[in-house]
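See below for input.txt, which holds compact mmCIF, C-alpha atoms.
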# COMPACT_ATOMS: atom_id res chain seq x y z
CA MET A 34 123.17 2.82 -67.36
CA ASN A 35 121.69 5.32 -69.80
CA THR A 36 120.69 8.39 -67.75
CA ASP A 37 118.44 9.79 -70.50
CA ILE A 38 115.13 8.88 -68.86
CA GLU A 39 111.91 10.24 -70.29
CA LEU A 40 109.61 11.87 -67.76
CA LYS A 41 106.59 10.15 -69.24
CA ARG A 42 108.09 6.75 -68.37
CA LEU A 43 108.63 7.92 -64.80
CA ARG A 44 104.97 8.96 -64.69
CA HIS A 45 103.99 5.49 -65.87
CA PHE A 46 106.25 4.01 -63.19
CA VAL A 47 104.49 6.03 -60.47
CA LEU A 48 101.03 5.22 -61.83
CA LEU A 49 101.74 1.50 -61.80
CA ALA A 50 103.22 1.75 -58.30
CA GLU A 51 99.97 3.37 -57.16
CA GLU A 52 97.53 1.08 -58.97
CA ARG A 53 99.47 -2.22 -58.81
CA ASN A 54 97.48 -3.18 -61.87
CA PHE A 55 98.49 -2.73 -65.51
CA THR A 56 94.93 -2.25 -66.77
CA ARG A 57 94.00 0.49 -64.30
CA ALA A 58 97.39 2.24 -64.64
CA ALA A 59 97.14 2.15 -68.45
CA GLU A 60 93.68 3.72 -68.29
CA ARG A 61 94.99 6.56 -66.12
CA ALA A 62 97.81 7.08 -68.65
CA ASN A 63 95.32 7.03 -71.57
CA LEU A 64 97.30 4.23 -73.19
CA SER A 65 96.54 0.72 -74.27
CA GLN A 66 97.77 -1.94 -71.88
CA THR A 67 100.25 -3.12 -74.49
CA ALA A 68 101.76 0.34 -74.97
CA PHE A 69 101.85 0.91 -71.22
CA SER A 70 103.64 -2.42 -70.64
CA ARG A 71 106.22 -1.51 -73.30
CA SER A 72 106.85 1.80 -71.52
CA ILE A 73 107.52 0.04 -68.20
CA LEU A 74 109.84 -2.47 -69.87
CA ALA A 75 111.71 0.33 -71.62
CA LEU A 76 112.17 2.11 -68.28
CA GLU A 77 113.59 -1.00 -66.65
CA GLU A 78 115.98 -1.42 -69.57
CA ARG A 79 117.12 2.20 -69.19
CA LEU A 80 117.57 1.79 -65.45
CA ASN A 81 119.12 -1.65 -65.87
CA VAL A 82 117.15 -2.82 -62.85
CA ARG A 83 113.78 -4.53 -62.34
CA VAL A 84 111.35 -2.25 -60.49
CA PHE A 85 108.23 -4.45 -60.56
CA ASP A 86 107.50 -8.08 -59.86
CA ARG A 87 104.62 -9.18 -62.08
CA GLY A 88 102.13 -11.71 -60.78
CA THR A 89 99.10 -13.22 -62.44
CA ARG A 90 96.72 -10.97 -60.54
CA SER A 91 98.79 -8.07 -59.21
CA VAL A 92 102.01 -6.14 -59.54
CA HIS A 93 104.42 -5.34 -56.71
CA LEU A 94 107.36 -2.98 -56.42
CA THR A 95 110.68 -4.69 -56.03
CA ALA A 96 113.04 -3.55 -53.25
CA ALA A 97 114.81 -1.40 -55.84
CA GLY A 98 111.48 -0.04 -57.06
CA GLN A 99 110.47 0.94 -53.53
CA GLN A 100 113.67 2.96 -53.21
CA LEU A 101 113.18 4.67 -56.56
CA VAL A 102 109.48 5.53 -56.56
CA ALA A 103 109.82 8.35 -53.99
CA LYS A 104 112.65 9.87 -56.01
CA ALA A 105 110.58 9.56 -59.18
CA ARG A 106 107.69 11.42 -57.52
CA GLN A 107 110.10 14.12 -56.36
CA LEU A 108 111.57 14.50 -59.86
CA LEU A 109 108.10 14.72 -61.42
CA GLU A 110 107.10 17.39 -58.89
CA GLN A 111 110.24 19.36 -59.71
CA ALA A 112 109.41 19.07 -63.41
CA ARG A 113 105.89 20.39 -62.79
CA ASN A 114 107.30 23.28 -60.77
CA LEU A 115 109.79 24.03 -63.53
CA VAL A 116 106.97 24.22 -66.07
CA LEU A 117 105.07 26.62 -63.81
CA ASP A 118 108.20 28.74 -63.31
CA VAL A 119 108.88 28.85 -67.05
CA GLU A 120 105.28 29.86 -67.74
CA GLY A 121 105.46 32.54 -65.03
CA ILE A 122 108.70 33.98 -66.39
CA ALA A 123 107.51 33.87 -70.00
CA ASN A 124 104.23 35.61 -69.11
CA ALA A 125 105.90 38.10 -66.71
CA ASP A 126 103.57 36.68 -64.10
CA GLY A 127 106.26 35.15 -61.86
CA GLY A 128 109.98 34.78 -61.49
CA GLU A 129 112.22 37.57 -60.27
CA LEU A 130 112.99 41.11 -61.44
CA SER A 131 115.91 43.22 -60.21
CA PHE A 132 116.33 46.81 -61.35
CA GLY A 133 117.70 50.08 -60.03
CA ALA A 134 116.38 53.58 -59.52
CA SER A 135 117.71 56.91 -58.35
CA LEU A 136 115.95 58.86 -55.60
CA MET A 137 114.55 61.11 -58.30
CA ALA A 138 113.12 58.08 -60.12
CA VAL A 139 111.56 56.69 -56.96
CA ASP A 140 109.91 60.00 -56.16
CA GLY A 141 109.06 61.21 -59.64
CA VAL A 142 108.28 58.08 -61.67
CA LEU A 143 107.97 54.85 -59.69
CA ASN A 144 105.26 56.08 -57.30
CA GLY A 145 102.19 54.01 -58.09
CA LEU A 146 103.94 51.82 -60.66
CA LEU A 147 105.15 49.05 -58.37
CA PRO A 148 101.63 48.29 -57.07
CA GLU A 149 100.46 48.16 -60.68
CA LEU A 150 103.30 45.80 -61.60
CA MET A 151 102.43 43.55 -58.66
CA ARG A 152 98.80 43.58 -59.72
CA GLN A 153 99.73 42.52 -63.24
CA SER A 154 102.38 40.04 -62.05
CA PRO A 155 101.10 38.62 -58.75
CA ARG A 156 103.77 35.89 -58.43
CA LEU A 157 106.71 38.14 -59.34
CA THR A 158 109.44 38.88 -56.81
CA VAL A 159 110.77 42.42 -57.30
CA ASN A 160 114.12 43.74 -56.05
CA VAL A 161 114.62 47.52 -56.40
CA GLU A 162 118.02 49.04 -55.64
CA VAL A 163 117.88 52.77 -54.89
CA ASN A 164 121.26 54.38 -55.47
CA HIS A 165 123.27 57.01 -57.37
CA TRP A 166 123.57 56.42 -61.09
CA ARG A 167 127.26 55.58 -60.93
CA GLN A 168 126.66 52.72 -58.48
CA LEU A 169 123.70 51.58 -60.54
CA GLN A 170 125.88 51.58 -63.66
CA GLN A 171 128.38 49.33 -61.90
CA HIS A 172 125.70 46.88 -60.81
CA LEU A 173 124.21 46.88 -64.30
CA GLU A 174 127.61 46.00 -65.76
CA GLN A 175 127.86 43.18 -63.22
CA GLU A 176 124.37 42.10 -64.35
CA ARG A 177 123.06 42.29 -60.80
CA ILE A 178 120.20 44.40 -62.20
CA GLU A 179 118.53 44.35 -65.63
CA PHE A 180 118.16 48.11 -66.03
CA PHE A 181 117.99 51.29 -64.02
CA VAL A 182 116.06 54.56 -64.17
CA SER A 183 118.05 57.67 -63.41
CA TYR A 184 119.89 60.68 -64.68
CA PRO A 185 121.93 59.10 -67.51
CA GLY A 186 125.21 60.92 -66.79
CA SER A 187 127.85 60.21 -69.43
CA LEU A 188 126.10 57.03 -70.59
CA LEU A 189 124.27 58.87 -73.37
CA ASP A 190 127.48 58.71 -75.40
CA ASN A 191 128.58 55.25 -74.27
CA SER A 192 128.09 52.55 -76.92
CA ASP A 193 127.97 49.80 -74.28
CA PHE A 194 124.53 50.96 -73.15
CA THR A 195 121.07 51.46 -74.58
CA VAL A 196 119.68 54.72 -73.20
CA THR A 197 115.98 55.46 -73.60
CA SER A 198 115.38 59.11 -72.80
CA LEU A 199 112.30 60.07 -70.81
CA PRO A 200 110.76 63.54 -70.39
CA ALA A 201 113.07 65.73 -68.31
CA ILE A 202 112.09 66.24 -64.68
CA PRO A 203 111.26 69.83 -63.58
CA SER A 204 113.60 71.20 -60.93
CA SER A 205 114.17 74.46 -59.09
CA VAL A 206 115.98 76.15 -56.21
CA PHE A 207 114.21 76.32 -52.85
CA CYS A 208 114.65 78.16 -49.57
CA ARG A 209 112.95 78.76 -46.22
CA PRO A 210 110.18 81.41 -45.98
CA GLY A 211 112.33 83.88 -44.00
CA HIS A 212 115.34 83.72 -46.29
CA PRO A 213 117.20 87.06 -46.78
CA LEU A 214 116.67 86.88 -50.55
CA LEU A 215 112.94 87.15 -49.96
CA SER A 216 113.14 90.18 -47.72
CA ALA A 217 114.96 92.44 -50.19
CA ASP A 218 113.00 95.22 -51.86
CA ALA A 219 114.15 94.09 -55.30
CA GLN A 220 113.32 90.67 -56.74
CA PRO A 221 116.13 88.10 -56.26
CA SER A 222 118.47 87.66 -59.20
CA PRO A 223 120.28 84.48 -60.30
CA ARG A 224 123.54 86.35 -59.55
CA ASP A 225 122.52 86.54 -55.89
CA LEU A 226 122.53 82.77 -55.41
CA PRO A 227 126.32 82.23 -55.17
CA ASN A 228 126.31 84.47 -52.08
CA TYR A 229 124.67 81.65 -50.11
CA ARG A 230 125.63 78.07 -49.40
CA TRP A 231 123.93 75.34 -51.44
CA ALA A 232 122.46 71.93 -50.69
CA THR A 233 121.67 69.21 -53.23
CA VAL A 234 121.21 65.47 -53.66
CA GLN A 235 124.17 65.28 -56.00
CA LEU A 236 125.18 67.63 -58.76
CA ARG A 237 125.56 66.21 -62.23
CA ASP A 238 129.05 65.81 -63.64
CA ALA A 239 128.70 68.53 -66.26
CA ALA A 240 126.66 70.83 -64.03
CA ALA A 241 129.48 72.93 -62.53
CA LYS A 242 130.45 74.91 -65.63
CA ARG A 243 126.84 75.45 -66.67
CA MET A 244 125.86 76.67 -63.21
CA GLN A 245 128.88 78.98 -63.04
CA ALA A 246 127.70 80.67 -66.23
CA LEU A 247 124.05 80.59 -65.20
CA PHE A 248 124.71 82.43 -61.93
CA GLY A 249 127.35 84.84 -63.16
CA MET A 250 130.34 83.12 -61.57
CA SER A 251 133.85 83.03 -62.97
CA ALA A 252 135.02 79.78 -64.51
CA ASN A 253 137.50 79.22 -61.67
CA SER A 254 135.04 79.82 -58.85
CA PRO A 255 133.97 76.71 -56.94
CA LEU A 256 130.28 76.15 -56.45
CA PRO A 257 129.27 77.11 -52.88
CA LEU A 258 128.23 73.59 -51.89
CA ALA A 259 127.63 73.10 -48.19
CA LEU A 260 125.69 69.83 -48.16
CA THR A 261 125.21 66.91 -50.54
CA SER A 262 123.16 63.95 -49.36
CA ASN A 263 120.91 61.19 -50.64
CA ASN A 264 118.70 61.64 -47.57
CA LEU A 265 115.81 63.89 -48.54
CA SER A 266 114.73 64.48 -44.94
CA LEU A 267 118.20 65.75 -44.08
CA LEU A 268 118.20 68.15 -47.04
CA ARG A 269 114.76 69.45 -46.11
CA GLU A 270 115.74 69.99 -42.48
CA ALA A 271 118.91 71.83 -43.47
CA THR A 272 116.93 74.12 -45.79
CA LEU A 273 114.33 74.95 -43.16
CA SER A 274 116.88 75.67 -40.43
CA SER A 275 119.43 77.76 -42.34
CA ASP A 276 119.95 80.13 -45.25
CA MET A 277 121.13 77.33 -47.51
CA LEU A 278 119.56 77.12 -50.94
CA LEU A 279 118.30 73.69 -51.98
CA PHE A 280 118.74 72.65 -55.63
CA THR A 281 116.52 69.65 -56.40
CA TRP A 282 113.62 68.31 -58.47
CA ASP A 283 110.18 69.72 -57.77
CA SER A 284 107.89 66.82 -57.02
CA TRP A 285 109.08 65.78 -53.56
CA LEU A 286 108.60 69.33 -52.21
CA GLN A 287 105.18 70.02 -53.75
CA ALA A 288 103.31 69.67 -50.45
CA ASP A 289 105.78 71.99 -48.67
CA VAL A 290 105.55 74.61 -51.41
CA ALA A 291 101.74 74.43 -51.42
CA ALA A 292 101.69 74.89 -47.65
CA GLY A 293 104.23 77.74 -47.74
CA THR A 294 106.67 75.75 -45.59
CA ILE A 295 109.29 75.99 -48.33
CA ILE A 296 109.53 78.66 -51.02
CA ASP A 297 110.18 77.92 -54.69
CA LEU A 298 112.81 80.59 -55.17
CA GLY A 299 113.33 79.63 -58.81
CA GLN A 300 109.90 81.06 -59.65
CA LYS A 301 110.83 84.42 -58.16
CA LEU A 302 114.20 84.96 -59.88
CA ARG A 303 114.45 87.81 -62.37
CA PRO A 304 115.56 87.43 -65.01
CA ALA A 305 113.98 84.00 -65.02
CA LEU A 306 116.27 81.04 -65.52
CA PRO A 307 116.03 79.30 -68.92
CA GLN A 308 113.48 76.50 -69.01
CA LYS A 309 116.06 73.89 -70.02
CA ALA A 310 118.32 74.88 -67.16
CA MET A 311 115.57 74.05 -64.68
CA LYS A 312 115.06 70.47 -65.84
CA LEU A 313 116.95 67.27 -65.07
CA ASP A 314 117.66 64.67 -67.76
CA PHE A 315 116.09 61.31 -67.16
CA ALA A 316 116.38 57.91 -68.87
CA ILE A 317 116.09 54.13 -68.74
CA ILE A 318 119.55 52.55 -69.05
CA GLN A 319 120.16 48.96 -70.18
CA LEU A 320 123.19 46.99 -71.31
CA LYS A 321 123.36 46.95 -75.08
CA ASP A 322 122.56 43.67 -76.86
CA ARG A 323 120.92 42.11 -73.80
CA THR A 324 117.47 40.57 -74.00
CA ALA A 325 115.29 41.92 -71.22
CA SER A 326 113.14 39.47 -69.32
CA PRO A 327 109.37 39.70 -69.90
CA ALA A 328 109.00 41.18 -66.40
CA ALA A 329 111.62 43.83 -67.16
CA ARG A 330 109.85 44.70 -70.41
CA ARG A 331 106.56 45.03 -68.53
CA MET A 332 108.10 47.37 -65.95
CA ILE A 333 109.82 49.44 -68.63
CA ASP A 334 106.51 49.77 -70.50
CA LEU A 335 104.86 50.97 -67.29
CA ILE A 336 107.62 53.56 -66.78
CA LYS A 337 107.35 54.79 -70.37
CA GLY A 338 103.58 54.98 -70.12
CA ALA A 339 103.70 56.94 -66.87
CA ALA A 340 106.24 59.37 -68.32
CA LYS A 341 104.21 59.82 -71.50
CA ASN A 342 100.97 60.42 -69.61
CA ALA A 343 102.45 62.80 -67.03
CA PRO A 344 100.59 66.14 -67.05
CA SER A 345 102.08 68.43 -69.68
CA SER A 346 101.95 71.29 -67.19
CA ASN A 347 104.41 69.38 -65.07
CA ARG A 348 106.73 68.49 -67.91
CA ASN A 349 106.75 71.88 -69.57
CA ARG A 350 106.82 74.04 -66.48
CA PRO A 351 109.15 77.07 -66.92
Take the structure in this file and express it as structure tokens.
Amino acid sequence: MNTDIELKRLRHFVLLAEERNFTRAAERANLSQTAFSRSILALEERLNVRVFDRGTRSVHLTAAGQQLVAKARQLLEQARNLVLDVEGIANADGGELSFGASLMAVDGVLNGLLPELMRQSPRLTVNVEVNHWRQLQQHLEQERIEFFVSYPGSLLDNSDFTVTSLPAIPSSVFCRPGHPLLSADAQPSPRDLPNYRWATVQLRDAAAKRMQALFGMSANSPLPLALTSNNLSLLREATLSSDMLLFTWDSWLQADVAAGTIIDLGQKLRPALPQKAMKLDFAIIQLKDRTASPAARRMIDLIKGAAKNAPSSNRNRP
């Protein structure tokens, strides 16, 4: 049997099974009765089995036809669903999107964007993995996600990836209101910071040497890290309950700083730290030579638009 069966012939098969009359079925198919009859005959030839018994006044399904008509309906329904799925994917209206984001991306960029994406793509299923950039890189290479938004790490110089840089994220060093550095008569200096233990989400790979120079430390001196965690609540609690200094991006602590619960120590240091030193690199990372799905392109456009329209006072903060 030739398994290359045209869907339109299956539709004609179902129509005739429903109408049991060639004239009425042909009208529903918008065909002449002659063309419709040829379609049914061609189907039976393809199937190598008779599916209708023709009478002078009516048409009846054969035993074989009765077994096949339900399967034909099921196949036609699957074909209709496939068309809807293809249209949804092509229009970024449906389908599935999986991408990754760092904590910094979730807090600083994705806020407000996911509801907008869901508004624009109401039938889309979105999977967001929140993780460190190294784990996100691994999952991108395994093609478990289409892209991720994060600090780019060493991927800027890796030819296997396409890295789209975004405006750097303002960062600073924070402490509790009663910290000893705030009680001194003189303003705190960057060279005072290594005298206290530090907390951070995760320091960048190339950060150690730069921070050693920035805070007047010798090249062989280890950074005074006491706590690294991807739990922001834990970092905040440790900062409020100890003399640890918290190195992180600004946005997630804005409410605390405004309320005076946490102090932005970076703004009080003299001499002031260089503007570039107080910003964190940020980028969209994709596998090179991969075609992004329409949904991924829509989300990436939203991310780029949000980054471009971010208040300049936030991006250029010293």
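When CA of Leu215 (chain A) is paired with CA of Asp276 (chain A), their separation reads 11.0 Å.
Of note, CA of Val139 (chain A) and CA of Pro257 (chain A) are spaced 27.3 Å apart.
If you count all atoms listed in the file and ignore residues fewer than 2 places along the chain from Gly128 (chain A), what sits within 12 Å of it is Asn114, Leu115, Val116, Leu117, Asp118, Val119, Glu120, Gly121, Ile122, Ala123, Asn124, Ala125, Asp126, Leu130, Ser131, Met151, Ser154, Pro155, Arg156, Leu157, Thr158, Val159, Asn160, Ser326, Pro327, Ala328 and Ala329 of chain A.
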Atoms kept (C-alpha atoms) for selection, written as a short mmCIF file (atom, residue, chain, number, x, y, z; two decimals), in the frame of the given file:
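Final output, result_34.cif:
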data_model
loop_
_atom_site.label_atom_id
_atom_site.label_comp_id
_atom_site.auth_asym_id
_atom_site.auth_seq_id
_atom_site.Cartn_x
_atom_site.Cartn_y
_atom_site.Cartn_z
CA ASN A 114 107.30 23.28 -60.77
CA LEU A 115 109.79 24.03 -63.53
CA VAL A 116 106.97 24.22 -66.07
CA LEU A 117 105.07 26.62 -63.81
CA ASP A 118 108.20 28.74 -63.31
CA VAL A 119 108.88 28.85 -67.05
CA GLU A 120 105.28 29.86 -67.74
CA GLY A 121 105.46 32.54 -65.03
CA ILE A 122 108.70 33.98 -66.39
CA ALA A 123 107.51 33.87 -70.00
CA ASN A 124 104.23 35.61 -69.11
CA ALA A 125 105.90 38.10 -66.71
CA ASP A 126 103.57 36.68 -64.10
CA LEU A 130 112.99 41.11 -61.44
CA SER A 131 115.91 43.22 -60.21
CA MET A 151 102.43 43.55 -58.66
CA SER A 154 102.38 40.04 -62.05
CA PRO A 155 101.10 38.62 -58.75
CA ARG A 156 103.77 35.89 -58.43
CA LEU A 157 106.71 38.14 -59.34
CA THR A 158 109.44 38.88 -56.81
CA VAL A 159 110.77 42.42 -57.30
CA ASN A 160 114.12 43.74 -56.05
CA SER A 326 113.14 39.47 -69.32
CA PRO A 327 109.37 39.70 -69.90
CA ALA A 328 109.00 41.18 -66.40
CA ALA A 329 111.62 43.83 -67.16
#
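Restricting the calculation to all atoms listed in the file, the smallest distance between Leu265 (chain A) and any of A:Leu43, A:Val196, A:Ile317, A:Leu286 is found for A:Leu286.
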When you look at Leu335 (chain A) with a cut-off of 10 Å (counting only C-alpha atoms), what residues show up, excluding the ones that are within fewer than 4 positions of it in the same chain? I need them as a PDB file with C-alpha atoms, in the coordinates of the input.
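Output below, filename selection_23.pdb:
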ATOM      1  CA  VAL A 142     108.280  58.080 -61.670  1.00  0.00           C
ATOM      2  CA  LEU A 143     107.970  54.850 -59.690  1.00  0.00           C
ATOM      3  CA  LEU A 146     103.940  51.820 -60.660  1.00  0.00           C
ATOM      4  CA  LEU A 147     105.150  49.050 -58.370  1.00  0.00           C
ATOM      5  CA  GLU A 149     100.460  48.160 -60.680  1.00  0.00           C
ATOM      6  CA  LEU A 150     103.300  45.800 -61.600  1.00  0.00           C
ATOM      7  CA  ALA A 329     111.620  43.830 -67.160  1.00  0.00           C
ATOM      8  CA  ARG A 330     109.850  44.700 -70.410  1.00  0.00           C
ATOM      9  CA  ARG A 331     106.560  45.030 -68.530  1.00  0.00           C
ATOM     10  CA  ALA A 339     103.700  56.940 -66.870  1.00  0.00           C
ATOM     11  CA  ALA A 340     106.240  59.370 -68.320  1.00  0.00           C
ATOM     12  CA  LYS A 341     104.210  59.820 -71.500  1.00  0.00           C
TER      13      LYS A 341
END
Length of the CA of Glu129 (chain A) to CA of Phe315 (chain A) vector [Å]: 25.0 Å
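Polymer residues near (110.7, 75.2, -56.3): counting only C-alpha atoms with a cut-off of 6 Å, they are Ser205, Val206, Phe207, Asp283, Asp297, Leu298 and Gly299 of chain A.
The nearest approach to Leu320 (chain A) among the residues A:Pro221, A:His172, A:Leu74, A:Ser204, with only C-alpha atoms taken into account, belongs to A:His172.
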Could you write region 83-97 of chain A of the block just shown to a file containing N, CA and C atoms, as a short mmCIF file (atom, residue, chain, number, x, y, z; two decimals), in the first residue's frame?
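Result saved to part.cif:
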data_model
loop_
_atom_site.label_atom_id
_atom_site.label_comp_id
_atom_site.auth_asym_id
_atom_site.auth_seq_id
_atom_site.Cartn_x
_atom_site.Cartn_y
_atom_site.Cartn_z
N ARG A 83 -11.69 -1.11 -0.04
CA ARG A 83 -12.93 -0.38 -0.28
C ARG A 83 -13.44 0.15 1.05
N VAL A 84 -13.77 1.43 1.09
CA VAL A 84 -14.25 2.04 2.34
C VAL A 84 -15.72 2.41 2.26
N PHE A 85 -16.30 2.40 1.07
CA PHE A 85 -17.73 2.71 0.91
C PHE A 85 -18.39 1.66 0.02
N ASP A 86 -19.61 1.31 0.39
CA ASP A 86 -20.50 0.57 -0.49
C ASP A 86 -21.47 1.56 -1.10
N ARG A 87 -21.50 1.61 -2.43
CA ARG A 87 -22.35 2.57 -3.12
C ARG A 87 -23.67 1.91 -3.49
N GLY A 88 -24.76 2.54 -3.12
CA GLY A 88 -26.08 2.10 -3.54
C GLY A 88 -26.68 3.09 -4.49
N THR A 89 -27.84 2.81 -4.97
CA THR A 89 -28.49 3.74 -5.93
C THR A 89 -28.97 5.00 -5.26
N ARG A 90 -29.30 4.91 -3.97
CA ARG A 90 -29.81 6.09 -3.27
C ARG A 90 -28.93 6.57 -2.13
N SER A 91 -28.05 5.72 -1.62
CA SER A 91 -27.24 6.12 -0.47
C SER A 91 -25.89 5.43 -0.51
N VAL A 92 -25.04 5.88 0.36
CA VAL A 92 -23.67 5.36 0.48
C VAL A 92 -23.47 4.91 1.91
N HIS A 93 -22.80 3.77 2.10
CA HIS A 93 -22.57 3.25 3.44
C HIS A 93 -21.09 2.91 3.62
N LEU A 94 -20.59 3.15 4.81
CA LEU A 94 -19.23 2.73 5.13
C LEU A 94 -19.15 1.22 5.17
N THR A 95 -18.10 0.69 4.60
CA THR A 95 -17.83 -0.73 4.75
C THR A 95 -17.30 -0.98 6.16
N ALA A 96 -17.12 -2.24 6.53
CA ALA A 96 -16.56 -2.57 7.85
C ALA A 96 -15.17 -1.95 7.99
N ALA A 97 -14.39 -2.01 6.90
CA ALA A 97 -13.06 -1.40 6.93
C ALA A 97 -13.17 0.11 7.06
#
